[in-house]
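Colleague: Just protein_32.csv, nothing more (CSV, C-alpha atoms):
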chain,number,residue,atom,x,y,z
R,667,ASP,CA,57.6,-44.7,19.2
R,668,GLN,CA,54.9,-46.8,20.8
R,669,GLN,CA,55.6,-46.8,24.5
R,670,VAL,CA,52.0,-47.9,25.1
R,671,LYS,CA,50.6,-50.6,22.9
R,672,GLN,CA,47.2,-51.9,22.5
R,673,ASN,CA,47.6,-54.7,20.0
R,674,SER,CA,43.9,-55.5,19.5
R,675,PRO,CA,42.2,-52.8,17.4
R,676,SER,CA,38.8,-54.3,18.1
R,677,LEU,CA,37.1,-56.8,20.4
R,678,SER,CA,33.5,-58.2,20.2
R,679,VAL,CA,31.8,-59.9,23.1
R,680,GLN,CA,28.3,-60.9,24.0
R,681,GLU,CA,26.2,-59.1,26.5
R,682,GLY,CA,26.7,-60.5,30.0
R,683,ARG,CA,30.1,-62.0,29.2
R,684,ILE,CA,33.5,-60.7,30.3
R,685,SER,CA,35.4,-58.2,28.2
R,686,ILE,CA,39.2,-58.3,28.6
R,687,LEU,CA,41.2,-55.4,27.0
R,688,ASN,CA,44.9,-55.7,27.0
R,689,CYS,CA,47.7,-53.1,27.1
R,690,ASP,CA,51.5,-53.4,27.1
R,691,TYR,CA,54.1,-50.8,27.8
R,692,THR,CA,57.8,-50.5,27.2
R,693,ASN,CA,58.8,-47.5,29.4
R,694,SER,CA,59.8,-48.9,32.8
R,695,MET,CA,59.5,-45.3,34.2
R,696,PHE,CA,55.8,-45.4,33.9
R,697,ASP,CA,54.3,-45.8,37.3
R,698,TYR,CA,50.6,-44.8,36.9
R,699,PHE,CA,48.2,-46.3,34.5
R,700,LEU,CA,44.7,-45.3,33.4
R,701,TRP,CA,41.9,-46.4,31.2
R,702,TYR,CA,39.8,-44.0,29.3
R,703,LYS,CA,36.6,-44.7,27.4
R,704,LYS,CA,35.6,-42.7,24.3
R,705,TYR,CA,32.3,-42.6,22.5
R,706,PRO,CA,32.1,-41.2,19.0
R,707,ALA,CA,32.0,-37.3,18.9
R,708,GLU,CA,33.0,-37.1,22.5
R,709,GLY,CA,36.2,-36.7,24.4
R,710,PRO,CA,37.9,-39.5,26.4
R,711,THR,CA,36.3,-40.1,29.7
R,712,PHE,CA,38.3,-41.4,32.7
R,713,LEU,CA,37.3,-44.9,33.7
R,714,ILE,CA,39.7,-46.4,36.2
R,715,SER,CA,43.4,-46.2,37.2
R,716,ILE,CA,46.1,-48.1,39.0
R,717,SER,CA,49.4,-47.1,40.5
R,718,SER,CA,52.4,-49.3,40.1
R,719,ILE,CA,52.4,-50.2,43.8
R,720,LYS,CA,49.3,-52.2,43.3
R,721,ASP,CA,48.4,-55.2,41.1
R,722,LYS,CA,44.7,-54.8,41.1
R,723,ASN,CA,42.1,-52.1,41.3
R,724,GLU,CA,38.4,-52.7,41.2
R,725,ASP,CA,35.5,-50.3,40.6
R,726,GLY,CA,32.1,-51.9,40.2
R,727,ARG,CA,32.1,-53.9,36.9
R,728,PHE,CA,35.6,-52.7,36.0
R,729,THR,CA,38.8,-54.2,37.3
R,730,VAL,CA,42.3,-53.3,36.2
R,731,PHE,CA,45.2,-55.7,36.7
R,732,LEU,CA,48.8,-54.7,36.5
R,733,ASN,CA,51.7,-57.1,35.9
R,734,LYS,CA,54.8,-55.0,36.3
R,735,SER,CA,57.3,-57.7,35.5
R,736,ALA,CA,55.5,-58.3,32.2
R,737,LYS,CA,54.8,-54.6,31.7
R,738,HIS,CA,51.3,-55.6,31.0
R,739,LEU,CA,47.9,-54.4,32.2
R,740,SER,CA,44.4,-55.4,31.4
R,741,LEU,CA,40.9,-54.1,31.9
R,742,HIS,CA,38.2,-56.6,32.8
R,743,ILE,CA,34.5,-55.6,32.3
R,744,VAL,CA,32.1,-58.1,33.8
R,745,PRO,CA,29.3,-58.4,33.0
R,746,SER,CA,29.6,-56.5,29.7
R,747,GLN,CA,26.7,-54.3,28.6
R,748,PRO,CA,25.8,-52.9,25.2
R,749,GLY,CA,26.4,-49.4,26.6
R,750,ASP,CA,30.0,-50.4,27.2
R,751,SER,CA,30.5,-50.3,23.4
R,752,ALA,CA,33.2,-47.7,22.9
R,753,VAL,CA,36.9,-47.2,22.2
R,754,TYR,CA,39.0,-47.9,25.2
R,755,PHE,CA,42.4,-46.2,25.6
R,756,CYS,CA,45.1,-47.3,27.9
R,757,ALA,CA,47.3,-44.5,29.1
R,758,ALA,CA,50.4,-44.2,31.3
R,759,SER,CA,52.3,-41.5,33.1
R,760,SER,CA,55.6,-41.2,35.0
R,761,ASP,CA,56.2,-39.4,38.3
R,762,SER,CA,59.9,-39.0,37.5
R,763,GLY,CA,61.6,-36.2,35.7
R,764,GLY,CA,58.8,-33.8,36.0
R,765,SER,CA,56.7,-35.6,33.4
R,766,ASN,CA,53.8,-36.3,35.6
R,767,TYR,CA,51.6,-33.9,33.6
R,768,LYS,CA,51.8,-36.0,30.4
R,769,LEU,CA,49.8,-39.0,29.6
R,770,THR,CA,51.0,-41.4,26.9
R,771,PHE,CA,48.1,-43.1,25.2
R,772,GLY,CA,47.8,-46.4,23.3
R,773,LYS,CA,45.9,-46.4,20.0
R,774,GLY,CA,42.8,-47.8,21.5
R,775,THR,CA,40.6,-50.9,21.2
R,776,LEU,CA,37.1,-50.7,19.9
R,777,LEU,CA,34.9,-52.8,22.1
R,778,THR,CA,31.5,-53.9,20.7
R,779,VAL,CA,29.1,-55.6,23.1
R,780,ASN,CA,26.4,-57.4,21.2
R,781,PRO,CA,22.9,-57.8,22.8
Q,248,GLU,CA,28.1,-32.1,36.2
Q,249,PRO,CA,31.0,-29.7,35.4
Q,250,GLU,CA,32.5,-30.2,32.0
Q,251,VAL,CA,35.2,-28.9,29.7
Q,252,THR,CA,33.8,-27.1,26.7
Q,253,GLN,CA,35.5,-26.5,23.4
Q,254,THR,CA,34.8,-24.2,20.4
Q,255,PRO,CA,34.6,-24.5,17.5
Q,256,SER,CA,33.5,-28.1,17.1
Q,257,HIS,CA,34.8,-28.1,13.6
Q,258,GLN,CA,37.0,-25.6,11.7
Q,259,VAL,CA,38.1,-25.8,8.1
Q,260,THR,CA,41.0,-23.6,7.1
Q,261,GLN,CA,43.4,-23.0,4.3
Q,262,MET,CA,47.0,-24.0,4.7
Q,263,GLY,CA,49.1,-21.1,6.1
Q,264,GLN,CA,46.2,-19.5,7.9
Q,265,GLU,CA,46.1,-18.9,11.7
Q,266,VAL,CA,43.7,-20.9,13.8
Q,267,ILE,CA,42.7,-20.4,17.4
Q,268,LEU,CA,40.9,-23.2,19.3
Q,269,ARG,CA,39.2,-22.3,22.5
Q,270,CYS,CA,38.5,-24.2,25.6
Q,271,VAL,CA,36.7,-23.4,28.9
Q,272,PRO,CA,38.2,-25.8,31.5
Q,273,ILE,CA,36.3,-26.8,34.6
Q,274,SER,CA,36.2,-23.8,36.9
Q,275,ASN,CA,38.2,-25.0,39.9
Q,276,HIS,CA,40.8,-26.8,37.9
Q,277,LEU,CA,44.3,-25.5,37.9
Q,278,TYR,CA,46.1,-27.6,35.2
Q,279,PHE,CA,45.3,-27.4,31.6
Q,280,TYR,CA,46.3,-29.5,28.6
Q,281,TRP,CA,46.0,-29.9,24.9
Q,282,TYR,CA,46.1,-33.3,23.2
Q,283,ARG,CA,45.4,-34.1,19.6
Q,284,GLN,CA,44.4,-37.2,17.7
Q,285,ILE,CA,45.1,-37.5,14.0
Q,286,LEU,CA,42.5,-39.7,12.3
Q,287,GLY,CA,43.3,-43.4,13.0
Q,288,GLN,CA,46.2,-42.6,15.3
Q,289,LYS,CA,46.6,-42.4,19.0
Q,290,VAL,CA,45.8,-39.5,21.2
Q,291,GLU,CA,49.1,-37.5,21.6
Q,292,PHE,CA,50.1,-35.0,24.3
Q,293,LEU,CA,50.9,-31.5,23.0
Q,294,VAL,CA,51.3,-29.2,26.1
Q,295,SER,CA,50.5,-28.8,29.7
Q,296,PHE,CA,49.9,-25.4,31.4
Q,297,TYR,CA,49.9,-24.4,35.0
Q,298,ASN,CA,50.2,-21.1,36.8
Q,299,ASN,CA,50.2,-19.2,33.6
Q,300,GLU,CA,53.1,-21.0,32.0
Q,301,ILE,CA,53.8,-24.1,30.1
Q,302,SER,CA,54.8,-27.0,32.3
Q,303,GLU,CA,55.8,-29.4,29.6
Q,304,LYS,CA,55.5,-29.6,25.8
Q,305,SER,CA,56.0,-32.4,23.3
Q,306,GLU,CA,58.2,-32.3,20.2
Q,307,ILE,CA,55.0,-31.7,18.2
Q,308,PHE,CA,54.5,-28.4,20.0
Q,309,ASP,CA,56.9,-26.4,17.9
Q,310,ASP,CA,57.1,-22.6,17.4
Q,311,GLN,CA,53.9,-22.6,15.3
Q,312,PHE,CA,51.9,-23.5,18.4
Q,313,SER,CA,51.2,-21.3,21.4
Q,314,VAL,CA,48.8,-21.4,24.3
Q,315,GLU,CA,47.3,-18.7,26.4
Q,316,ARG,CA,45.0,-18.2,29.3
Q,317,PRO,CA,43.8,-14.7,28.4
Q,318,ASP,CA,41.3,-14.4,31.3
Q,319,GLY,CA,40.1,-16.5,34.2
Q,320,SER,CA,38.1,-18.9,32.2
Q,321,ASN,CA,39.4,-19.5,28.6
Q,322,PHE,CA,42.4,-21.5,27.5
Q,323,THR,CA,43.4,-21.2,23.9
Q,324,LEU,CA,45.6,-23.0,21.4
Q,325,LYS,CA,46.9,-21.0,18.5
Q,326,ILE,CA,48.4,-22.4,15.4
Q,327,ARG,CA,50.1,-19.6,13.5
Q,328,SER,CA,50.5,-21.0,10.1
Q,329,THR,CA,48.6,-24.2,9.6
Q,330,LYS,CA,50.0,-27.2,7.7
Q,331,LEU,CA,48.1,-30.1,6.1
Q,332,GLU,CA,49.5,-32.4,8.8
Q,333,ASP,CA,47.9,-30.3,11.5
Q,334,SER,CA,44.5,-31.7,10.5
Q,335,ALA,CA,43.4,-33.6,13.6
Q,336,MET,CA,40.9,-33.6,16.5
Q,337,TYR,CA,42.3,-31.4,19.2
Q,338,PHE,CA,41.2,-32.2,22.8
Q,339,CYS,CA,41.5,-29.8,25.7
Q,340,ALA,CA,41.6,-31.2,29.2
Q,341,SER,CA,41.9,-30.0,32.7
Q,342,SER,CA,42.6,-31.5,36.1
Q,343,ALA,CA,42.3,-30.4,39.7
Q,344,SER,CA,45.8,-31.6,40.4
Q,345,GLY,CA,48.9,-32.0,38.2
Q,346,GLY,CA,50.3,-34.9,40.0
Q,347,TRP,CA,50.5,-38.3,38.6
Q,348,THR,CA,47.2,-39.3,40.2
Q,349,GLY,CA,45.5,-36.4,38.5
Q,350,GLU,CA,42.5,-37.5,36.5
Q,351,LEU,CA,42.1,-35.5,33.3
Q,352,PHE,CA,38.7,-34.3,32.2
Q,353,PHE,CA,38.5,-34.0,28.4
Q,354,GLY,CA,36.3,-31.8,26.2
Q,355,GLU,CA,34.5,-33.1,23.2
Q,356,GLY,CA,37.2,-31.9,20.9
Q,357,SER,CA,37.6,-29.5,18.0
Q,358,ARG,CA,38.1,-31.0,14.6
Q,359,LEU,CA,40.6,-29.0,12.5
Q,360,THR,CA,40.7,-29.6,8.7
Q,361,VAL,CA,43.5,-27.9,6.8
Q,362,LEU,CA,43.0,-27.8,3.1
Show how you would write the structure in this file as structure tokens.

Modeller:
Amino acid sequence: DQQVKQNSPSLSVQEGRISILNCDYTNSMFDYFLWYKKYPAEGPTFLISISSIKDKNEDGRFTVFLNKSAKHLSLHIVPSQPGDSAVYFCAASSDSGGSNYKLTFGKGTLLTVNP
Amino acid sequence: EPEVTQTPSHQVTQMGQEVILRCVPISNHLYFYWYRQILGQKVEFLVSFYNNEISEKSEIFDDQFSVERPDGSNFTLKIRSTKLEDSAMYFCASSASGGWTGELFFGEGSRLTVL
């Protein structure tokens, strides 16, 4: 039951270039979306989020775009830095039905930024 | 910077044994969670806890699992009779708010290996 899908298990980019990580979802009840970053031997760390009433949220080098009609979101990192190398998880939650405590995660995309 | 701490970092146990994983959430947070990640799989929600009771639990969280906040600082996950398929990384998380905008802060995880 993959309600949140990250179809690219890995992505490799050059330092200074743009990294684009993609995420698709199937549950139309999701109305809040988050990106988490995870380094080896550490827990996931919150990166950026977006609510369904917006189509873009920007925080420094990180921008998340949401296309509700396509049920698609993407994370742009520009410029990419070697320290950005990590696994990136897309996550979603719903404010309906009392399920706002639960995040549904994708499988993650391993980003490698080469110097 | 405040952080969620988990112990032990790694536990090896025999099938059928009881295991308790411990977590110290961030001190002013009110909502607590357990997630797990089986090797190579996505991070999965197990349970959320607020005001000394379970707010929501997943289908994974069956009668073998229980959570407790025995004092003002610890939050524990108990597995009564471990199975091989319980082998996973277990992440504790906490948040200041439980609403859909609540950012979760994750611990580094406890790796459970059931033999």

Colleague: Give me the residues within 8 Å of region 297-313 of chain Q as a count of residues only, counting only C-alpha atoms and dropping any in the same chain fewer than 3 places off.

Modeller: 16

Colleague: Excluding same-chain residues fewer than 5 positions from Ala758 (chain R), what lies within 6 Å of it counting all atoms listed in the file, as a PyMOL selection string?

Modeller: chain R and resi 698-699+769-770

Colleague: Generate a file of the selected residues that holds C-alpha atoms, formatted as a PDB file, in the frame of the given file.

Modeller:
ATOM      1  CA  TYR R 698      50.600 -44.800  36.900  1.00  0.00           C
ATOM      2  CA  PHE R 699      48.200 -46.300  34.500  1.00  0.00           C
ATOM      3  CA  LEU R 769      49.800 -39.000  29.600  1.00  0.00           C
ATOM      4  CA  THR R 770      51.000 -41.400  26.900  1.00  0.00           C
TER       5      THR R 770
END

Colleague: Rounded to one decimal place, report the CA of Ile267 (chain Q)-CA of Thr254 (chain Q) distance in Å.

Modeller: 9.3 Å

Colleague: Residues of chain R within 7 Å of chain Q: nearest atom pair and distance (Å, one decimal) for each, counting only C-alpha atoms, sorted by chain and number, as a tab-separated table?

Modeller:
residue	atom	partner	partner_atom	distance
R:Tyr698	CA	Q:Trp347	CA	6.7
R:Ala707	CA	Q:Glu355	CA	6.5
R:Glu708	CA	Q:Glu355	CA	4.3
R:Gly709	CA	Q:Glu355	CA	4.2
R:Pro710	CA	Q:Phe353	CA	5.9
R:Thr711	CA	Q:Phe353	CA	6.6
R:Phe712	CA	Q:Glu350	CA	6.9
R:Ser759	CA	Q:Trp347	CA	6.6
R:Ser760	CA	Q:Trp347	CA	6.9
R:Asp761	CA	Q:Trp347	CA	5.8
R:Asn766	CA	Q:Trp347	CA	4.9
R:Tyr767	CA	Q:Gly345	CA	5.7
R:Lys768	CA	Q:Phe292	CA	6.4
R:Leu769	CA	Q:Phe292	CA	6.6
R:Thr770	CA	Q:Glu291	CA	6.8
R:Phe771	CA	Q:Val290	CA	5.9
R:Gly772	CA	Q:Lys289	CA	6.0
R:Lys773	CA	Q:Lys289	CA	4.2

Colleague: Counting all atoms listed in the file, which of Q:Val361, Q:Thr323, Q:Ala335, Q:Glu250 gets nearest to Cys270 (chain Q)?

Modeller: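 Residue with the minimum atom-to-atom distance to Cys270 (chain Q): Q:Thr323.
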
Colleague: Provide the CA of Ala343 (chain Q) to CA of Asn723 (chain R) distance in Å, to one decimal place.

Modeller: 21.8 Å

Colleague: Write out as a VMD selection string the residues lying within 9 Å of region 671-686 of chain R, counting all atoms listed in the file and excluding same-chain residues fewer than 6 positions away.

Modeller: chain R and resid 692 740 to 748 753 755 to 756 771 to 781

Colleague: Quick one: distance from CA of Asp333 (chain Q) to CA of Leu359 (chain Q) in Å, one decimal?

Modeller: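 Going from CA of Asp333 (chain Q) over to CA of Leu359 (chain Q), I get 7.5 Å.
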
Colleague: Near Leu739 (chain R), within 9 Å and counting only C-alpha atoms, which residues show up once chain neighbours fewer than 2 positions away are dropped, as a ChimeraX atom specification?

Modeller: /R:687-691,699,721,730-734,736-737,741,756

Colleague: Pick the closest to Ser717 (chain R) from R:Phe696, R:Thr729, R:Lys704, R:Val670: which is it, counting only C-alpha atoms?

Modeller: R:Phe696
